[in-house]
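Okay, run-v3.txt now, which holds compact mmCIF, C-alpha atoms:
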# COMPACT_ATOMS: atom_id res chain seq x y z
CA MET A 1 15.85 20.57 71.86
CA ALA A 2 19.51 20.71 72.92
CA ARG A 3 21.86 18.80 70.67
CA TRP A 4 24.99 17.17 71.98
CA GLU A 5 27.91 19.00 70.42
CA PRO A 6 31.21 17.09 70.46
CA ASN A 7 34.05 19.03 72.11
CA ALA A 8 31.79 22.05 72.55
CA ALA A 9 33.69 23.33 75.61
CA GLU A 10 37.01 23.12 73.81
CA ARG A 11 35.65 24.71 70.63
CA LEU A 12 34.22 27.58 72.69
CA ALA A 13 37.54 28.08 74.49
CA VAL A 14 39.47 28.19 71.21
CA ALA A 15 36.95 30.62 69.68
CA ALA A 16 37.03 32.84 72.78
CA LEU A 17 40.80 32.95 72.80
CA GLU A 18 40.87 34.00 69.14
CA LEU A 19 38.31 36.74 69.71
CA PHE A 20 39.89 38.04 72.92
CA ALA A 21 43.22 38.30 71.09
CA GLU A 22 41.67 39.93 67.98
CA ARG A 23 39.35 42.50 69.52
CA GLY A 24 39.90 42.40 73.27
CA TYR A 25 38.01 40.70 76.09
CA GLU A 26 35.73 43.68 76.74
CA ASN A 27 34.64 43.90 73.09
CA THR A 28 33.72 40.22 72.81
CA THR A 29 30.27 38.91 73.79
CA VAL A 30 29.15 35.40 74.66
CA ILE A 31 27.12 35.42 71.42
CA ASP A 32 30.27 36.31 69.43
CA ILE A 33 32.08 33.36 71.00
CA ALA A 34 29.25 30.93 70.33
CA GLN A 35 28.94 32.10 66.69
CA ARG A 36 32.68 31.79 66.07
CA ALA A 37 32.52 28.24 67.42
CA GLY A 38 29.46 27.44 65.29
CA LEU A 39 27.35 26.91 68.41
CA THR A 40 24.50 28.68 70.20
CA LYS A 41 24.43 30.94 73.24
CA SER A 42 22.49 28.30 75.16
CA THR A 43 25.19 25.73 74.42
CA PHE A 44 27.71 28.22 75.82
CA PHE A 45 25.77 28.53 79.07
CA ARG A 46 25.43 24.78 79.41
CA HIS A 47 29.21 24.64 79.66
CA PHE A 48 30.21 27.96 81.27
CA ARG A 49 28.39 30.15 83.75
CA ASP A 50 29.75 33.43 82.35
CA LYS A 51 32.21 34.90 79.83
CA ARG A 52 35.09 34.87 82.31
CA GLU A 53 34.74 31.12 82.74
CA VAL A 54 35.36 30.08 79.13
CA LEU A 55 39.17 29.83 79.46
CA PHE A 56 39.02 27.78 82.67
CA GLY A 57 37.76 24.39 81.52
CA ASP A 58 35.08 22.26 83.07
CA GLY A 59 36.51 21.89 86.56
CA SER A 60 37.81 18.39 85.85
CA MET A 61 41.35 19.39 86.82
CA ASN A 62 40.40 19.41 90.51
CA GLY A 63 39.35 15.77 90.31
CA LEU A 64 42.43 14.87 88.26
CA LEU A 65 44.74 16.27 90.95
CA ALA A 66 42.83 14.65 93.81
CA GLU A 67 42.77 11.25 92.09
CA ALA A 68 46.51 11.30 91.41
CA ILE A 69 47.27 12.22 95.03
CA THR A 70 44.96 9.47 96.27
CA ALA A 71 46.61 6.94 93.93
CA ALA A 72 50.16 7.71 95.14
CA PRO A 73 51.78 4.86 97.11
CA ALA A 74 51.07 4.85 100.84
CA THR A 75 54.78 5.40 101.47
CA ALA A 76 54.95 8.56 99.34
CA THR A 77 55.76 11.82 101.14
CA PRO A 78 53.29 14.69 100.70
CA LEU A 79 55.50 16.27 98.01
CA GLU A 80 55.94 12.94 96.20
CA ALA A 81 52.14 12.64 96.06
CA VAL A 82 51.96 16.22 94.73
CA ALA A 83 54.58 15.32 92.10
CA GLN A 84 52.27 12.57 90.87
CA ALA A 85 49.49 15.11 90.55
CA LEU A 86 51.75 17.31 88.42
CA ASP A 87 52.63 14.27 86.29
CA ALA A 88 48.91 13.68 85.77
CA LEU A 89 48.54 17.29 84.57
CA GLY A 90 51.30 16.69 82.03
CA ASN A 91 49.72 13.46 80.80
CA ARG A 92 46.10 14.57 80.67
CA ALA A 93 45.86 18.37 80.54
CA PHE A 94 49.12 20.05 79.51
CA THR A 95 49.97 17.71 76.66
CA PRO A 96 52.41 18.75 73.90
CA SER A 97 49.52 19.54 71.51
CA ARG A 98 48.18 22.12 73.97
CA ARG A 99 51.40 24.06 74.40
CA ALA A 100 50.70 26.75 71.80
CA PHE A 101 47.15 27.22 73.12
CA ALA A 102 48.58 27.56 76.66
CA ALA A 103 50.97 30.29 75.58
CA ARG A 104 48.23 32.31 73.85
CA ARG A 105 45.90 31.77 76.80
CA ARG A 106 48.50 33.07 79.27
CA ALA A 107 49.03 36.22 77.22
CA VAL A 108 45.29 36.93 77.01
CA ILE A 109 44.78 36.41 80.75
CA ALA A 110 47.79 38.60 81.58
CA ALA A 111 46.17 41.43 79.60
CA ASN A 112 42.81 41.33 81.41
CA PRO A 113 42.07 42.00 85.09
CA GLU A 114 38.74 40.11 85.04
CA LEU A 115 40.42 36.99 83.71
CA GLN A 116 43.24 37.42 86.23
CA GLU A 117 40.69 37.47 89.03
CA ARG A 118 39.01 34.31 87.81
CA GLU A 119 42.37 32.62 87.39
CA ALA A 120 43.42 33.63 90.91
CA LEU A 121 40.27 32.11 92.40
CA LYS A 122 40.60 28.95 90.27
CA GLY A 123 44.16 28.63 91.54
CA LEU A 124 42.96 28.69 95.14
CA GLY A 125 40.41 26.00 94.27
CA LEU A 126 43.11 23.76 92.80
CA ILE A 127 45.28 24.24 95.89
CA ALA A 128 42.27 23.36 98.07
CA SER A 129 41.68 20.17 96.06
CA MET A 130 45.29 19.10 96.60
CA THR A 131 45.20 20.03 100.30
CA GLU A 132 42.02 18.03 100.87
CA ALA A 133 43.35 14.98 99.01
CA LEU A 134 46.52 15.09 101.13
CA GLY A 135 44.35 15.37 104.25
CA ARG A 136 42.51 12.20 103.27
CA ARG A 137 45.93 10.46 103.20
CA GLY A 138 46.34 11.43 106.86
CA VAL A 139 48.71 14.36 106.26
CA PRO A 140 48.21 16.95 109.07
CA ASP A 141 46.42 20.18 108.04
CA VAL A 142 49.32 22.63 107.99
CA THR A 143 51.67 20.15 106.31
CA ALA A 144 49.04 19.44 103.65
CA SER A 145 48.60 23.17 103.03
CA VAL A 146 52.35 23.73 102.73
CA ALA A 147 52.80 20.79 100.34
CA ALA A 148 49.89 21.96 98.17
CA ASP A 149 51.24 25.54 98.13
CA LEU A 150 54.74 24.39 97.17
CA GLY A 151 53.21 22.19 94.47
CA ALA A 152 51.23 25.15 93.12
CA LEU A 153 54.36 27.28 93.02
CA ALA A 154 56.23 24.55 91.13
CA TRP A 155 53.24 24.27 88.77
CA LYS A 156 53.33 28.01 88.08
CA ILE A 157 57.08 28.03 87.40
CA ALA A 158 56.83 24.94 85.18
CA TYR A 159 53.80 26.25 83.30
CA GLU A 160 55.60 29.47 82.44
CA ARG A 161 58.70 27.65 81.22
CA TRP A 162 56.73 25.00 79.34
CA SER A 163 54.37 27.40 77.57
CA GLU A 164 57.18 29.77 76.61
CA THR A 165 59.32 27.22 74.77
CA LEU A 166 57.73 25.19 72.03
CA GLY A 167 60.51 22.66 71.70
CA GLY A 168 61.64 22.16 75.28
CA GLU A 169 60.89 19.61 77.95
CA GLU A 170 57.36 18.29 78.50
CA PHE A 171 55.20 19.68 81.29
CA GLY A 172 55.70 16.72 83.63
CA GLN A 173 59.48 16.99 83.38
CA ALA A 174 59.39 20.76 83.85
CA ALA A 175 57.14 20.33 86.88
CA ARG A 176 59.39 17.72 88.55
CA ARG A 177 62.41 19.97 88.01
CA ALA A 178 60.57 23.02 89.42
CA LEU A 179 59.33 21.01 92.40
CA GLY A 180 62.93 20.04 93.17
CA GLU A 181 63.99 23.67 93.04
CA VAL A 182 61.09 24.73 95.26
CA GLN A 183 61.82 22.02 97.80
CA ALA A 184 65.51 22.97 97.93
CA ALA A 185 64.58 26.64 98.29
CA SER A 186 62.28 25.85 101.22
CA THR A 187 65.31 24.66 103.19
CA ARG A 188 67.04 28.02 102.60
CA CYS A 189 64.21 30.24 103.82
CA MET B 190 34.01 70.93 93.66
CA ALA B 191 35.21 67.79 95.43
CA ARG B 192 35.42 68.15 99.20
CA TRP B 193 37.97 66.27 101.25
CA GLU B 194 36.08 63.80 103.39
CA PRO B 195 38.01 62.52 106.41
CA ASN B 196 38.25 58.73 106.58
CA ALA B 197 36.05 58.44 103.51
CA ALA B 198 37.53 55.09 102.42
CA GLU B 199 36.99 53.58 105.85
CA ARG B 200 33.46 54.98 106.17
CA LEU B 201 32.59 53.54 102.77
CA ALA B 202 33.99 50.14 103.72
CA VAL B 203 32.00 50.06 106.96
CA ALA B 204 28.82 51.13 105.17
CA ALA B 205 29.36 48.55 102.42
CA LEU B 206 29.92 45.77 104.92
CA GLU B 207 26.68 46.65 106.74
CA LEU B 208 24.70 46.72 103.50
CA PHE B 209 26.21 43.51 102.09
CA ALA B 210 25.33 41.75 105.36
CA GLU B 211 21.80 43.23 105.49
CA ARG B 212 20.62 42.83 101.92
CA GLY B 213 23.33 40.92 100.07
CA TYR B 214 26.16 42.07 97.80
CA GLU B 215 24.08 41.75 94.61
CA ASN B 216 21.28 43.92 95.98
CA THR B 217 23.56 46.76 97.06
CA THR B 218 24.60 49.55 94.66
CA VAL B 219 27.51 51.97 94.86
CA ILE B 220 24.95 54.74 95.42
CA ASP B 221 23.48 52.82 98.38
CA ILE B 222 26.95 52.53 99.90
CA ALA B 223 27.77 56.21 99.40
CA GLN B 224 24.40 57.28 100.88
CA ARG B 225 24.81 55.03 103.93
CA ALA B 226 28.24 56.58 104.50
CA GLY B 227 26.85 60.10 104.05
CA LEU B 228 29.01 60.60 100.95
CA THR B 229 28.51 60.91 97.21
CA LYS B 230 28.95 58.43 94.38
CA SER B 231 31.83 60.50 93.01
CA THR B 232 33.60 60.32 96.38
CA PHE B 233 33.20 56.54 96.19
CA PHE B 234 34.87 56.41 92.79
CA ARG B 235 37.73 58.64 93.93
CA HIS B 236 38.62 55.88 96.39
CA PHE B 237 37.50 52.65 94.70
CA ARG B 238 37.32 51.67 91.05
CA ASP B 239 34.24 49.45 91.46
CA LYS B 240 31.89 47.91 94.02
CA ARG B 241 34.08 44.84 94.49
CA GLU B 242 36.98 47.01 95.57
CA VAL B 243 35.37 48.64 98.60
CA LEU B 244 36.40 45.92 101.08
CA PHE B 245 40.02 45.85 99.91
CA GLY B 246 41.46 49.12 101.17
CA ASP B 247 43.61 51.58 99.32
CA GLY B 248 46.49 49.30 98.34
CA SER B 249 48.73 50.63 101.11
CA MET B 250 49.23 47.13 102.51
CA ASN B 251 51.57 46.26 99.64
CA GLY B 252 53.88 49.13 100.56
CA LEU B 253 53.65 48.30 104.26
CA LEU B 254 54.84 44.74 103.63
CA ALA B 255 57.63 45.82 101.28
CA GLU B 256 58.89 48.49 103.71
CA ALA B 257 59.01 46.07 106.62
CA ILE B 258 60.92 43.50 104.58
CA THR B 259 63.36 46.17 103.41
CA ALA B 260 63.84 47.39 107.00
CA ALA B 261 64.71 43.91 108.35
CA PRO B 262 68.34 43.53 109.47
CA ALA B 263 70.76 42.49 106.73
CA THR B 264 71.42 39.27 108.64
CA ALA B 265 67.73 38.27 108.73
CA THR B 266 66.75 35.11 106.83
CA PRO B 267 63.98 35.45 104.22
CA LEU B 268 61.39 34.10 106.67
CA GLU B 269 62.60 36.40 109.44
CA ALA B 270 62.12 39.35 107.09
CA VAL B 271 58.63 38.04 106.26
CA ALA B 272 57.91 37.76 110.01
CA GLN B 273 58.67 41.48 110.33
CA ALA B 274 56.18 42.17 107.56
CA LEU B 275 53.52 40.21 109.46
CA ASP B 276 54.39 42.17 112.62
CA ALA B 277 53.85 45.38 110.66
CA LEU B 278 50.40 44.13 109.62
CA GLY B 279 49.55 43.54 113.28
CA ASN B 280 50.76 46.99 114.30
CA ARG B 281 49.30 49.00 111.46
CA ALA B 282 46.46 47.11 109.78
CA PHE B 283 45.08 44.28 111.91
CA THR B 284 44.96 46.14 115.20
CA PRO B 285 42.73 44.98 118.07
CA SER B 286 40.08 47.60 117.23
CA ARG B 287 39.68 46.08 113.75
CA ARG B 288 39.13 42.52 114.86
CA ALA B 289 35.31 42.60 114.83
CA PHE B 290 35.29 44.31 111.42
CA ALA B 291 37.68 41.64 110.11
CA ALA B 292 35.38 38.84 111.25
CA ARG B 293 32.32 40.38 109.58
CA ARG B 294 34.31 41.13 106.44
CA ARG B 295 35.51 37.51 106.19
CA ALA B 296 31.93 36.23 106.47
CA VAL B 297 30.68 38.59 103.75
CA ILE B 298 33.52 37.67 101.37
CA ALA B 299 33.01 33.95 102.00
CA ALA B 300 29.39 34.35 100.91
CA ASN B 301 30.14 36.05 97.58
CA PRO B 302 32.04 34.67 94.57
CA GLU B 303 32.80 38.14 93.12
CA LEU B 304 34.41 39.25 96.37
CA GLN B 305 36.28 35.94 96.60
CA GLU B 306 37.72 36.58 93.15
CA ARG B 307 38.89 40.06 94.06
CA GLU B 308 40.36 38.76 97.32
CA ALA B 309 42.20 35.98 95.48
CA LEU B 310 43.79 38.47 93.07
CA LYS B 311 44.65 40.89 95.90
CA GLY B 312 46.32 37.99 97.70
CA LEU B 313 48.53 37.31 94.68
CA GLY B 314 49.44 41.00 94.59
CA LEU B 315 50.48 40.94 98.25
CA ILE B 316 52.59 37.83 97.67
CA ALA B 317 54.21 39.56 94.68
CA SER B 318 55.03 42.62 96.82
CA MET B 319 56.76 40.41 99.40
CA THR B 320 58.58 38.41 96.72
CA GLU B 321 59.89 41.58 95.05
CA ALA B 322 61.00 43.10 98.35
CA LEU B 323 62.89 39.89 99.18
CA GLY B 324 64.46 39.98 95.72
CA ARG B 325 65.76 43.49 96.40
CA ARG B 326 67.50 42.05 99.49
CA GLY B 327 69.37 39.67 97.16
CA VAL B 328 67.26 36.59 97.89
CA PRO B 329 67.24 34.33 94.78
CA ASP B 330 63.95 34.22 92.83
CA VAL B 331 62.62 30.79 93.80
CA THR B 332 63.63 31.20 97.45
CA ALA B 333 61.92 34.59 97.56
CA SER B 334 58.75 33.06 96.06
CA VAL B 335 58.76 30.20 98.56
CA ALA B 336 59.32 32.53 101.54
CA ALA B 337 56.53 34.85 100.38
CA ASP B 338 54.17 31.90 99.83
CA LEU B 339 54.91 30.44 103.26
CA GLY B 340 54.38 33.90 104.77
CA ALA B 341 51.03 34.22 103.00
CA LEU B 342 49.96 30.83 104.30
CA ALA B 343 50.93 31.81 107.86
CA TRP B 344 49.03 35.09 107.37
CA LYS B 345 45.90 33.21 106.28
CA ILE B 346 46.05 30.81 109.22
CA ALA B 347 46.71 33.65 111.69
CA TYR B 348 44.00 35.88 110.21
CA GLU B 349 41.40 33.14 110.60
CA ARG B 350 42.37 32.45 114.20
CA TRP B 351 42.67 36.12 115.12
CA SER B 352 39.37 37.21 113.56
CA GLU B 353 37.46 34.27 115.06
CA THR B 354 38.38 34.93 118.70
CA LEU B 355 37.71 38.36 120.11
CA GLY B 356 39.74 37.92 123.30
CA GLY B 357 42.73 35.90 122.10
CA GLU B 358 46.24 36.77 121.03
CA GLU B 359 46.99 39.78 118.85
CA PHE B 360 47.55 39.37 115.13
CA GLY B 361 51.34 39.70 115.29
CA GLN B 362 51.60 36.94 117.90
CA ALA B 363 49.19 34.71 115.96
CA ALA B 364 51.21 35.30 112.79
CA ARG B 365 54.57 34.44 114.41
CA ARG B 366 53.07 31.26 115.85
CA ALA B 367 51.57 30.28 112.48
CA LEU B 368 54.82 31.04 110.68
CA GLY B 369 56.63 28.70 113.07
CA GLU B 370 54.10 25.96 112.35
CA VAL B 371 54.38 26.51 108.59
CA GLN B 372 58.18 26.45 108.70
CA ALA B 373 58.19 23.23 110.73
CA ALA B 374 55.64 21.68 108.34
CA SER B 375 57.84 22.55 105.35
CA THR B 376 60.53 20.23 106.69
CA ARG B 377 58.00 17.37 106.87
CA CYS B 378 56.79 17.60 103.26
Please go through the file and, once you have read it, give me the structure as structure tokens.
Amino acid sequence: MARWEPNAAERLAVAALELFAERGYENTTVIDIAQRAGLTKSTFFRHFRDKREVLFGDGSMNGLLAEAITAAPATATPLEAVAQALDALGNRAFTPSRRAFAARRRAVIAANPELQEREALKGLGLIASMTEALGRRGVPDVTASVAADLGALAWKIAYERWSETLGGEEFGQAARRALGEVQAASTRC
Amino acid sequence: MARWEPNAAERLAVAALELFAERGYENTTVIDIAQRAGLTKSTFFRHFRDKREVLFGDGSMNGLLAEAITAAPATATPLEAVAQALDALGNRAFTPSRRAFAARRRAVIAANPELQEREALKGLGLIASMTEALGRRGVPDVTASVAADLGALAWKIAYERWSETLGGEEFGQAARRALGEVQAASTRC
């Protein structure tokens, strides 16, 4: 009986963000989110396993990062491969049209411990995806972990700067600049 | 009416770990944990805000890390200050008598997504404590973040090695060795 609903996951995320901002995360139910999006509860659960999950996409970012790292030239250093992954984020996920959504999403997550927990675990999953993709390029374990961690730190710095300024540089540029700062800092530790 | 119960937090953690291993996290209630520890539900909630929290101590580790970083000699590099924080963990938190508990705790957390989420968020809090303590030493923001991240990675590697081998090196030694590996890897990224 299930109908295919175009962009259902994105509509649910937008609806959830509105409701969390209006009445708080705790006072919003999955049914509220589905109704606001013009969808059903069962459609919600086809896309997200619980309420926490609705702001964290469909998991496709892990594959996006891994693919970009795999596609980097064989001569690329681990951090150059990570830079390509951050470029891919800018081109496919953190596009200019998503900047305002990203800023609102950050504020809502910062206000809620449950969402912070989910975000923290998602972050570890993204780091693991980068580490594994580097490993498949033959990068030794500890080096792969360090490169993925430095990439994640650059991502965090760039994401904050990018989502805070509506007219500034694009995500990919912000990420390359942050990665340069992080790499320079690692030599001063 | 509340009585002071010696070592209540530790008794609750040990009881919780036993129950999570025996019957699963989902099938264990706060009342079960309190009863197994010979304590009451209200004693549980004086120490921990929810069931997830019981394996994550009383938050004193954040202060322990910050104090050790503050106490490092003025001439210490950021990573040397972080190494002192990891030493403090070995001397005060991850002592030889806690090694078997640490191994069981890791296995229980690895089996449960809710505990993984809490652990991920606690990890970010510990990194923030180190970053802030480095900042108070005058270390620039990005350098402090990188040093804290590299320290956290060394901690993770050392904790896995230390908790897996009952007769091997102590935590502080494992952490210093891992920090050396991480620092060397950062120059090969």
Open item on the list: Report as a PyMOL selection string all protein, DNA and RNA residues lying within 12 Å of range 17-20 of chain A, evaluated on only C-alpha atoms, omitting residues in the same chain fewer than 2 positions from it.
Closed with: chain A and resi 10-15+22-37+51-56+100-112+115
Would you mind aligning chain A to chain B, a least-squares fit over all C-alpha atoms taken in order, and returning the superposed chain as a compact mmCIF listing (two decimals) with C-alpha atoms, in the frame of the given file?
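superposed-v8.txt written:
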# COMPACT_ATOMS: atom_id res chain seq x y z
CA MET A 1 34.03 70.96 93.70
CA ALA A 2 35.25 67.82 95.49
CA ARG A 3 35.47 68.15 99.25
CA TRP A 4 38.04 66.28 101.26
CA GLU A 5 36.15 63.81 103.42
CA PRO A 6 38.09 62.51 106.44
CA ASN A 7 38.29 58.70 106.56
CA ALA A 8 36.06 58.44 103.50
CA ALA A 9 37.54 55.09 102.41
CA GLU A 10 37.01 53.58 105.84
CA ARG A 11 33.49 54.98 106.17
CA LEU A 12 32.60 53.54 102.75
CA ALA A 13 34.01 50.13 103.71
CA VAL A 14 32.02 50.06 106.96
CA ALA A 15 28.83 51.14 105.15
CA ALA A 16 29.37 48.54 102.41
CA LEU A 17 29.92 45.77 104.91
CA GLU A 18 26.69 46.66 106.73
CA LEU A 19 24.70 46.72 103.50
CA PHE A 20 26.22 43.52 102.09
CA ALA A 21 25.33 41.75 105.35
CA GLU A 22 21.80 43.24 105.49
CA ARG A 23 20.63 42.82 101.91
CA GLY A 24 23.34 40.92 100.07
CA TYR A 25 26.16 42.05 97.79
CA GLU A 26 24.10 41.74 94.61
CA ASN A 27 21.28 43.91 95.97
CA THR A 28 23.57 46.75 97.06
CA THR A 29 24.61 49.55 94.67
CA VAL A 30 27.52 51.96 94.85
CA ILE A 31 24.97 54.75 95.42
CA ASP A 32 23.50 52.82 98.39
CA ILE A 33 26.97 52.53 99.90
CA ALA A 34 27.79 56.20 99.40
CA GLN A 35 24.43 57.28 100.89
CA ARG A 36 24.84 55.04 103.94
CA ALA A 37 28.27 56.58 104.50
CA GLY A 38 26.89 60.11 104.04
CA LEU A 39 29.04 60.61 100.95
CA THR A 40 28.53 60.91 97.19
CA LYS A 41 28.97 58.43 94.37
CA SER A 42 31.84 60.49 92.99
CA THR A 43 33.62 60.31 96.35
CA PHE A 44 33.21 56.53 96.18
CA PHE A 45 34.88 56.39 92.77
CA ARG A 46 37.73 58.60 93.90
CA HIS A 47 38.62 55.87 96.38
CA PHE A 48 37.51 52.62 94.70
CA ARG A 49 37.33 51.66 91.05
CA ASP A 50 34.26 49.43 91.45
CA LYS A 51 31.90 47.89 94.02
CA ARG A 52 34.08 44.82 94.50
CA GLU A 53 36.99 46.99 95.57
CA VAL A 54 35.38 48.64 98.60
CA LEU A 55 36.41 45.91 101.09
CA PHE A 56 40.03 45.83 99.91
CA GLY A 57 41.47 49.12 101.17
CA ASP A 58 43.60 51.58 99.30
CA GLY A 59 46.48 49.31 98.33
CA SER A 60 48.71 50.64 101.10
CA MET A 61 49.23 47.15 102.50
CA ASN A 62 51.57 46.28 99.62
CA GLY A 63 53.87 49.15 100.55
CA LEU A 64 53.62 48.31 104.26
CA LEU A 65 54.83 44.75 103.62
CA ALA A 66 57.62 45.83 101.27
CA GLU A 67 58.87 48.50 103.69
CA ALA A 68 58.98 46.08 106.62
CA ILE A 69 60.91 43.51 104.57
CA THR A 70 63.34 46.19 103.40
CA ALA A 71 63.83 47.41 106.99
CA ALA A 72 64.68 43.93 108.35
CA PRO A 73 68.32 43.55 109.46
CA ALA A 74 70.75 42.51 106.73
CA THR A 75 71.40 39.28 108.64
CA ALA A 76 67.72 38.28 108.72
CA THR A 77 66.75 35.12 106.82
CA PRO A 78 63.99 35.46 104.21
CA LEU A 79 61.40 34.11 106.67
CA GLU A 80 62.62 36.42 109.46
CA ALA A 81 62.11 39.36 107.08
CA VAL A 82 58.62 38.04 106.27
CA ALA A 83 57.90 37.77 110.01
CA GLN A 84 58.65 41.47 110.33
CA ALA A 85 56.16 42.17 107.57
CA LEU A 86 53.51 40.21 109.47
CA ASP A 87 54.38 42.17 112.63
CA ALA A 88 53.84 45.38 110.66
CA LEU A 89 50.38 44.12 109.62
CA GLY A 90 49.54 43.54 113.28
CA ASN A 91 50.75 47.00 114.30
CA ARG A 92 49.27 49.02 111.45
CA ALA A 93 46.43 47.11 109.78
CA PHE A 94 45.06 44.26 111.91
CA THR A 95 44.94 46.16 115.19
CA PRO A 96 42.72 44.98 118.07
CA SER A 97 40.05 47.60 117.22
CA ARG A 98 39.66 46.08 113.75
CA ARG A 99 39.10 42.51 114.87
CA ALA A 100 35.29 42.59 114.83
CA PHE A 101 35.27 44.31 111.43
CA ALA A 102 37.67 41.63 110.12
CA ALA A 103 35.38 38.83 111.26
CA ARG A 104 32.31 40.38 109.59
CA ARG A 105 34.32 41.12 106.46
CA ARG A 106 35.50 37.50 106.19
CA ALA A 107 31.94 36.21 106.47
CA VAL A 108 30.68 38.58 103.76
CA ILE A 109 33.51 37.67 101.38
CA ALA A 110 33.00 33.95 102.00
CA ALA A 111 29.37 34.34 100.91
CA ASN A 112 30.12 36.05 97.58
CA PRO A 113 32.02 34.67 94.58
CA GLU A 114 32.79 38.13 93.14
CA LEU A 115 34.39 39.23 96.39
CA GLN A 116 36.26 35.92 96.60
CA GLU A 117 37.71 36.55 93.16
CA ARG A 118 38.86 40.04 94.08
CA GLU A 119 40.34 38.76 97.32
CA ALA A 120 42.18 35.97 95.49
CA LEU A 121 43.77 38.46 93.09
CA LYS A 122 44.63 40.88 95.92
CA GLY A 123 46.30 37.98 97.70
CA LEU A 124 48.51 37.31 94.69
CA GLY A 125 49.43 41.00 94.61
CA LEU A 126 50.47 40.94 98.26
CA ILE A 127 52.58 37.83 97.68
CA ALA A 128 54.20 39.57 94.68
CA SER A 129 55.02 42.62 96.83
CA MET A 130 56.74 40.41 99.40
CA THR A 131 58.58 38.41 96.72
CA GLU A 132 59.87 41.57 95.05
CA ALA A 133 61.00 43.11 98.35
CA LEU A 134 62.89 39.90 99.18
CA GLY A 135 64.45 39.99 95.71
CA ARG A 136 65.75 43.49 96.38
CA ARG A 137 67.51 42.05 99.47
CA GLY A 138 69.37 39.69 97.14
CA VAL A 139 67.26 36.60 97.88
CA PRO A 140 67.24 34.33 94.77
CA ASP A 141 63.94 34.23 92.82
CA VAL A 142 62.63 30.80 93.80
CA THR A 143 63.64 31.22 97.44
CA ALA A 144 61.91 34.60 97.56
CA SER A 145 58.75 33.08 96.07
CA VAL A 146 58.76 30.21 98.57
CA ALA A 147 59.31 32.54 101.54
CA ALA A 148 56.52 34.87 100.39
CA ASP A 149 54.16 31.91 99.83
CA LEU A 150 54.90 30.45 103.27
CA GLY A 151 54.38 33.90 104.78
CA ALA A 152 51.03 34.22 103.01
CA LEU A 153 49.95 30.83 104.30
CA ALA A 154 50.92 31.81 107.86
CA TRP A 155 49.02 35.09 107.36
CA LYS A 156 45.90 33.22 106.28
CA ILE A 157 46.04 30.81 109.23
CA ALA A 158 46.69 33.64 111.69
CA TYR A 159 43.98 35.86 110.21
CA GLU A 160 41.39 33.12 110.61
CA ARG A 161 42.37 32.44 114.21
CA TRP A 162 42.66 36.12 115.12
CA SER A 163 39.36 37.19 113.58
CA GLU A 164 37.47 34.26 115.07
CA THR A 165 38.39 34.92 118.70
CA LEU A 166 37.72 38.34 120.12
CA GLY A 167 39.76 37.91 123.27
CA GLY A 168 42.73 35.89 122.09
CA GLU A 169 46.25 36.74 121.03
CA GLU A 170 46.99 39.78 118.86
CA PHE A 171 47.54 39.38 115.13
CA GLY A 172 51.33 39.71 115.29
CA GLN A 173 51.58 36.96 117.90
CA ALA A 174 49.19 34.71 115.98
CA ALA A 175 51.19 35.30 112.80
CA ARG A 176 54.56 34.46 114.41
CA ARG A 177 53.08 31.26 115.85
CA ALA A 178 51.56 30.28 112.47
CA LEU A 179 54.82 31.05 110.68
CA GLY A 180 56.63 28.70 113.06
CA GLU A 181 54.12 25.96 112.34
CA VAL A 182 54.40 26.51 108.59
CA GLN A 183 58.18 26.45 108.69
CA ALA A 184 58.20 23.23 110.72
CA ALA A 185 55.67 21.68 108.34
CA SER A 186 57.85 22.55 105.34
CA THR A 187 60.53 20.23 106.71
CA ARG A 188 58.02 17.35 106.83
CA CYS A 189 56.80 17.62 103.25
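Straight-line separation from CA of Glu160 in chain A to CA of Gly90 in chain A: 13.5 Å.
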TODO: Could you tell me which of A:Arg99, A:Gln84, A:Arg136, A:Met130 comes closest to Gly167 in chain A if we count all atoms listed in the file?
DONE: A:Arg99
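Put simply, CA of Ala158 in chain A is 28.0 Å away from CA of Ala272 in chain B.
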- [ ] Grab the CA of Ala198 in chain B to CA of Gly246 in chain B distance for me, in Å with one decimal place.
- [x] 7.3 Å
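Nearest to Ala133 in chain A of all the residues A:Ala66, A:Leu39, A:Ala175, A:Ala8 is A:Ala66, counting all atoms listed in the file.
Distance check against Ala282 in chain B using only C-alpha atoms: of B:Gly361, B:Asp239, B:Ala261, B:Gly340, the minimum falls on B:Gly361.
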Would you give the centre and edge lengths, in Å to one decimal, of a box along x, y and z around the listed atoms of range 314-322 of chain B, with 5 Å added to each side, as JSON?
{"center_x": 55.2, "center_y": 40.5, "center_z": 97.0, "size_x": 21.6, "size_y": 15.3, "size_z": 14.8}
- [ ] Could you check which of B:Phe360, B:Asp247, B:Leu323, B:Ala277 is closest to Phe234 in chain B, using all atoms listed in the file?
- [x] B:Asp247
